[in-house]
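**Q** Following this line is entry.txt, made up of compact mmCIF, C-alpha atoms:
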```
# COMPACT_ATOMS: atom_id res chain seq x y z
CA MET I 1 28.16 28.99 -60.46
CA PRO I 2 25.10 30.44 -62.20
CA LEU I 3 21.95 30.72 -60.11
CA SER I 4 19.27 29.51 -62.50
CA PHE I 5 16.41 30.57 -60.23
CA LEU I 6 17.69 34.15 -60.06
CA THR I 7 17.94 34.99 -63.74
CA ALA I 8 15.60 34.40 -66.61
CA ASP I 9 17.03 32.88 -69.73
CA ARG I 10 18.83 35.33 -71.98
CA ALA I 11 16.81 34.10 -74.96
CA PHE I 12 14.02 36.56 -74.15
CA ASP I 13 16.45 39.46 -74.45
CA ALA I 14 17.86 38.32 -77.78
CA ALA I 15 14.78 36.97 -79.53
CA ASP I 16 11.93 39.48 -79.45
CA ASP I 17 10.33 38.02 -82.58
CA VAL I 18 10.03 34.49 -81.17
CA ALA I 19 7.38 33.98 -78.50
CA LEU I 20 8.72 30.72 -77.09
CA PRO I 21 12.51 30.75 -77.74
CA PHE I 22 13.46 27.68 -75.72
CA ASP I 23 14.84 24.34 -76.86
CA ASP I 24 14.14 22.45 -73.64
CA ARG I 25 10.45 23.10 -73.05
CA GLU I 26 10.17 20.52 -70.25
CA ARG I 27 12.30 22.57 -67.85
CA TRP I 28 10.49 24.94 -65.49
CA ARG I 29 11.54 28.55 -66.15
CA ARG I 30 10.50 32.04 -65.19
CA PRO I 31 10.11 34.10 -68.41
CA TYR I 32 11.30 37.30 -66.73
CA ARG I 33 13.97 38.51 -64.34
CA PRO I 34 13.18 39.11 -60.68
CA GLY I 35 12.61 42.77 -59.94
CA PRO I 36 14.89 45.05 -57.96
CA TRP I 37 12.51 45.17 -54.98
CA ARG I 38 12.50 41.39 -54.63
CA VAL I 39 16.27 41.09 -55.03
CA GLY I 40 16.92 44.01 -52.65
CA VAL I 41 14.75 42.60 -49.87
CA ALA I 42 16.34 39.16 -50.29
CA ALA I 43 19.80 40.73 -50.11
CA LEU I 44 18.87 42.53 -46.89
CA VAL I 45 17.56 39.29 -45.38
CA LEU I 46 20.79 37.53 -46.35
CA LEU I 47 22.78 40.36 -44.77
CA LEU I 48 20.77 39.92 -41.57
CA ALA I 49 21.43 36.17 -41.75
CA SER I 50 25.17 36.80 -41.99
CA PHE I 51 25.04 38.93 -38.82
CA VAL I 52 23.07 36.22 -37.04
CA LEU I 53 25.63 33.62 -38.16
CA LEU I 54 28.43 35.82 -36.84
CA ALA I 55 26.55 36.16 -33.57
CA GLY I 56 26.21 32.37 -33.50
CA VAL I 57 29.97 31.92 -33.91
CA VAL I 58 30.73 34.47 -31.18
CA THR I 59 28.13 32.83 -28.92
CA ALA I 60 29.63 29.39 -29.58
CA LEU I 61 33.06 30.64 -28.57
CA THR I 62 31.96 32.48 -25.44
CA ALA I 63 28.70 30.99 -24.17
CA SER I 64 26.69 27.80 -24.37
CA LEU I 65 26.35 25.72 -27.49
CA SER I 66 22.55 25.66 -27.17
CA SER I 67 22.44 29.45 -27.61
CA ALA I 68 24.76 29.19 -30.60
CA GLY I 69 22.58 26.43 -32.05
CA PHE I 70 19.57 28.69 -31.75
CA CYS I 71 21.43 31.44 -33.66
CA PHE I 72 22.38 28.98 -36.40
CA VAL I 73 18.78 27.78 -36.72
CA VAL I 74 17.53 31.38 -36.99
CA ALA I 75 20.16 32.08 -39.66
CA LEU I 76 19.12 29.00 -41.63
CA VAL I 77 15.48 30.05 -41.48
CA LEU I 78 16.43 33.53 -42.75
CA ILE I 79 18.46 32.04 -45.61
CA ALA I 80 15.58 29.73 -46.55
CA CYS I 81 13.17 32.70 -46.52
CA ALA I 82 15.49 34.74 -48.76
CA LEU I 83 15.81 31.89 -51.24
CA ARG I 84 12.03 31.37 -51.26
CA MET I 85 11.53 35.10 -51.94
CA LEU I 86 13.86 34.86 -54.93
CA ARG I 87 11.97 31.82 -56.20
CA MET I 88 8.55 33.52 -56.06
CA GLY I 89 6.82 34.30 -59.35
CA VAL I 90 5.29 32.62 -62.37
CA TRP I 91 7.07 29.63 -63.89
CA VAL I 92 6.14 27.89 -67.14
CA SER I 93 7.00 24.64 -68.88
CA ALA I 94 5.36 22.30 -71.36
CA ARG I 95 3.66 20.61 -68.40
CA GLY I 96 1.82 23.64 -67.07
CA LEU I 97 1.90 26.93 -65.27
CA ARG I 98 3.31 27.22 -61.76
CA HIS I 99 2.56 30.15 -59.44
CA VAL I 100 5.06 30.26 -56.58
CA SER I 101 4.07 32.45 -53.64
CA PHE I 102 5.83 32.61 -50.29
CA PRO I 103 3.85 29.98 -48.38
CA VAL I 104 2.51 27.82 -51.21
CA THR I 105 3.11 26.72 -54.80
CA ARG I 106 0.19 26.03 -57.15
CA THR I 107 0.75 24.13 -60.40
CA THR I 108 -1.95 24.10 -63.06
CA PRO I 109 -1.59 21.72 -66.03
CA TRP I 110 -2.22 23.36 -69.39
CA ALA I 111 -5.26 21.13 -69.90
CA GLN I 112 -6.96 22.90 -66.97
CA VAL I 113 -6.11 26.42 -68.17
CA ALA I 114 -9.06 28.11 -69.86
CA GLY I 115 -7.22 31.35 -70.43
CA VAL I 116 -4.53 33.74 -69.28
CA ARG I 117 -5.24 37.42 -69.83
CA THR I 118 -4.20 40.84 -68.66
CA VAL I 119 -6.92 42.75 -66.82
CA GLN I 120 -7.19 46.25 -65.40
CA GLN I 121 -8.15 46.04 -61.73
CA PRO I 122 -7.19 47.21 -58.25
CA VAL I 123 -3.98 45.41 -57.27
CA ARG I 124 -2.02 45.19 -54.04
CA TRP I 125 1.03 47.45 -53.80
CA LEU I 126 4.12 45.28 -53.02
CA GLY I 127 1.81 42.67 -51.50
CA LEU I 128 0.65 45.04 -48.78
CA PRO I 129 -3.04 45.62 -47.95
CA ARG I 130 -3.02 48.98 -49.80
CA THR I 131 -4.51 48.68 -53.30
CA VAL I 132 -3.89 50.84 -56.33
CA GLN I 133 -5.20 50.73 -59.88
CA GLY I 134 -3.00 48.57 -62.06
CA GLN I 135 -2.84 45.60 -64.37
CA ALA I 136 -2.83 41.97 -63.36
CA LEU I 137 -2.24 38.73 -65.21
CA ALA I 138 -5.27 36.58 -64.38
CA LEU I 139 -5.59 32.83 -64.81
CA SER I 140 -8.97 31.24 -65.47
CA ARG I 141 -9.27 27.49 -65.03
CA ALA I 142 -11.37 25.18 -67.16
CA GLY I 143 -13.72 22.64 -65.65
CA ARG I 144 -13.79 24.15 -62.17
CA GLY I 145 -16.21 26.44 -60.44
CA GLN I 146 -15.59 30.14 -60.91
CA GLN I 147 -13.45 30.44 -57.80
CA GLU I 148 -11.54 33.67 -57.38
CA LEU I 149 -7.88 32.98 -58.03
CA PRO I 150 -5.20 35.46 -56.99
CA PRO I 151 -3.51 37.23 -59.90
CA LEU I 152 -0.38 35.55 -61.19
CA MET I 153 1.53 38.84 -61.31
CA THR I 154 0.72 42.54 -61.20
CA THR I 155 2.27 45.83 -62.26
CA HIS I 156 2.76 46.72 -58.60
CA ASN I 157 4.34 43.58 -57.18
CA ALA I 158 8.01 43.25 -56.21
CA ASP I 159 9.05 42.19 -59.72
CA PHE I 160 7.37 44.92 -61.77
CA LEU I 161 6.91 48.02 -59.59
CA GLY I 162 7.98 50.91 -61.83
CA ARG I 163 8.72 48.55 -64.75
CA THR I 164 5.54 48.43 -66.83
CA GLU I 165 7.41 47.45 -70.00
CA ALA I 166 8.87 44.44 -68.21
CA PHE I 167 5.38 43.49 -67.01
CA ASP I 168 4.03 43.72 -70.56
CA ARG I 169 6.84 41.52 -71.91
CA ALA I 170 6.41 38.96 -69.12
CA ALA I 171 2.61 38.89 -69.48
CA ASP I 172 2.95 38.45 -73.26
CA ALA I 173 5.41 35.59 -72.72
CA VAL I 174 3.13 33.77 -70.25
CA GLU I 175 0.12 34.31 -72.54
CA ALA I 176 2.14 32.91 -75.47
CA TRP I 177 3.07 29.85 -73.43
CA ALA I 178 -0.57 29.35 -72.51
CA GLU I 179 -1.78 29.75 -76.09
CA GLU I 180 0.87 27.42 -77.52
CA ASN I 181 0.42 24.67 -74.94
CA ARG I 182 -3.39 24.73 -74.89
CA LYS I 183 -3.39 24.06 -78.65
CA GLY I 184 -1.02 21.12 -78.40
```
Output the file's structure as structure tokens, nothing else.

**A**
Amino acid sequence: MPLSFLTADRAFDAADDVALPFDDRERWRRPYRPGPWRVGVAALVLLLASFVLLAGVVTALTASLSSAGFCFVVALVLIACALRMLRMGVWVSARGLRHVSFPVTRTTPWAQVAGVRTVQQPVRWLGLPRTVQGQALALSRAGRGQQELPPLMTTHNADFLGRTEAFDRAADAVEAWAEENRKG
């Protein structure tokens, strides 16, 4: 069973000359693959969840069911967190641009997008408080006050740390989606 949220479409690998190589433009898609940091952390969380599930089974066989239920609930929360981490990123469709972070998802229709551009600025390293100089993909909205929006993606987040070429390709793809859909 393919996990559509885990892999980007293969069309970006095969068609470098086409900016928007998709037939079904209504489907939400991430125009890049999740990075090794994101996948590695999610795998570790899933490994921890498997140990907690095993502990829940052992607890159910030897102790009270309420303790086992607690273990199962903790394991389900860990699995949900791992899946949410894999889902994080920038998603695009003909309807708009969606920025999925861990606690919240923000969707901006293309009519409200004034521009998407790559800027050089201090960015957070792997989402931690430490900042380093890097590039960020910034979204500016039309018709709203100049509120400071968090960057959509950076060269130092879990998807692109150490992969600047992948960041450039992903930023170009999101900018192409924005340009194409703001015209139409």

**Q** Nearest to I:Ala142 among I:Gly96, I:Gly162, I:Gly127, I:Gly115, with distances taken over only C-alpha atoms: which residue is it?

**A** I:Gly115

**Q** Excluding same-chain residues fewer than 4 positions from I:Leu48, what lies within 10 Å of it counting all atoms listed in the file, as a list in words?

**A**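 Near neighbours after the sequence-gap exclusion: Ala42, Ala43, Leu44, Val52, Leu53, Leu54, Ala75, Leu78 and Ile79 of chain I.
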
**Q** Which one of I:Leu46, I:Leu137, I:Leu128, I:Val58 sits closest to I:Arg169 if you count all atoms listed in the file?

**A** I:Leu137

**Q** For a test of reading the model, state the distance in Å between atom CA of I:Asn181 and atom CA of I:Ser140, rounded to one decimal.

**A** 14.9 Å

**Q** Using all atoms listed in the file, can you tell me which of I:Leu97, I:Val113, I:Val41, I:Val57 comes closest to I:Ala82?

**A** I:Val41

**Q** Atom CA of I:Val132 to atom CA of I:His156: how many Å, to one decimal?

**A**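 Atom CA of I:His156 lies at a distance of 8.1 Å from atom CA of I:Val132.
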
**Q** Using only C-alpha atoms, which protein or nucleic acid residues come within 7 Å of I:Arg117? Drop anything in the same chain fewer than 3 positions from it, and give the result as a list in words.

**A**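 Surrounding residues, per the criterion: Leu137, Ala138, Leu139 and Glu175 of chain I.
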
**Q** Between I:Thr154, I:Gln112, I:Ser66, I:Thr118, which is the closest to I:Thr131 once you count only C-alpha atoms?

**A**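 Smallest distance to I:Thr131 is found for I:Thr154.
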
**Q** Could the centre and edge lengths of an axis-aligned box, enclosing all atoms of stretch 77-81 of chain I in the file with 8 Å extra on each side, be given in Å to one decimal as lines of an AutoDock Vina configuration file?

**A**
```
center_x = 15.8
center_y = 31.6
center_z = -44.0
size_x = 21.3
size_y = 19.8
size_z = 21.1
```

**Q** What does the distance from atom CA of I:Pro109 to atom CA of I:Ala171 come to in Å, to one decimal?

**A**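 Computed distance, atom CA of I:Pro109 to atom CA of I:Ala171, equals 18.0 Å.
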
**Q** For I:Val100, work out the shell of residues within 10 Å, counting only C-alpha atoms and skipping chain neighbours fewer than 6 positions away, then give it as number ranges by chain.

**A** I: 84-85, 87-91, 106-107, 152
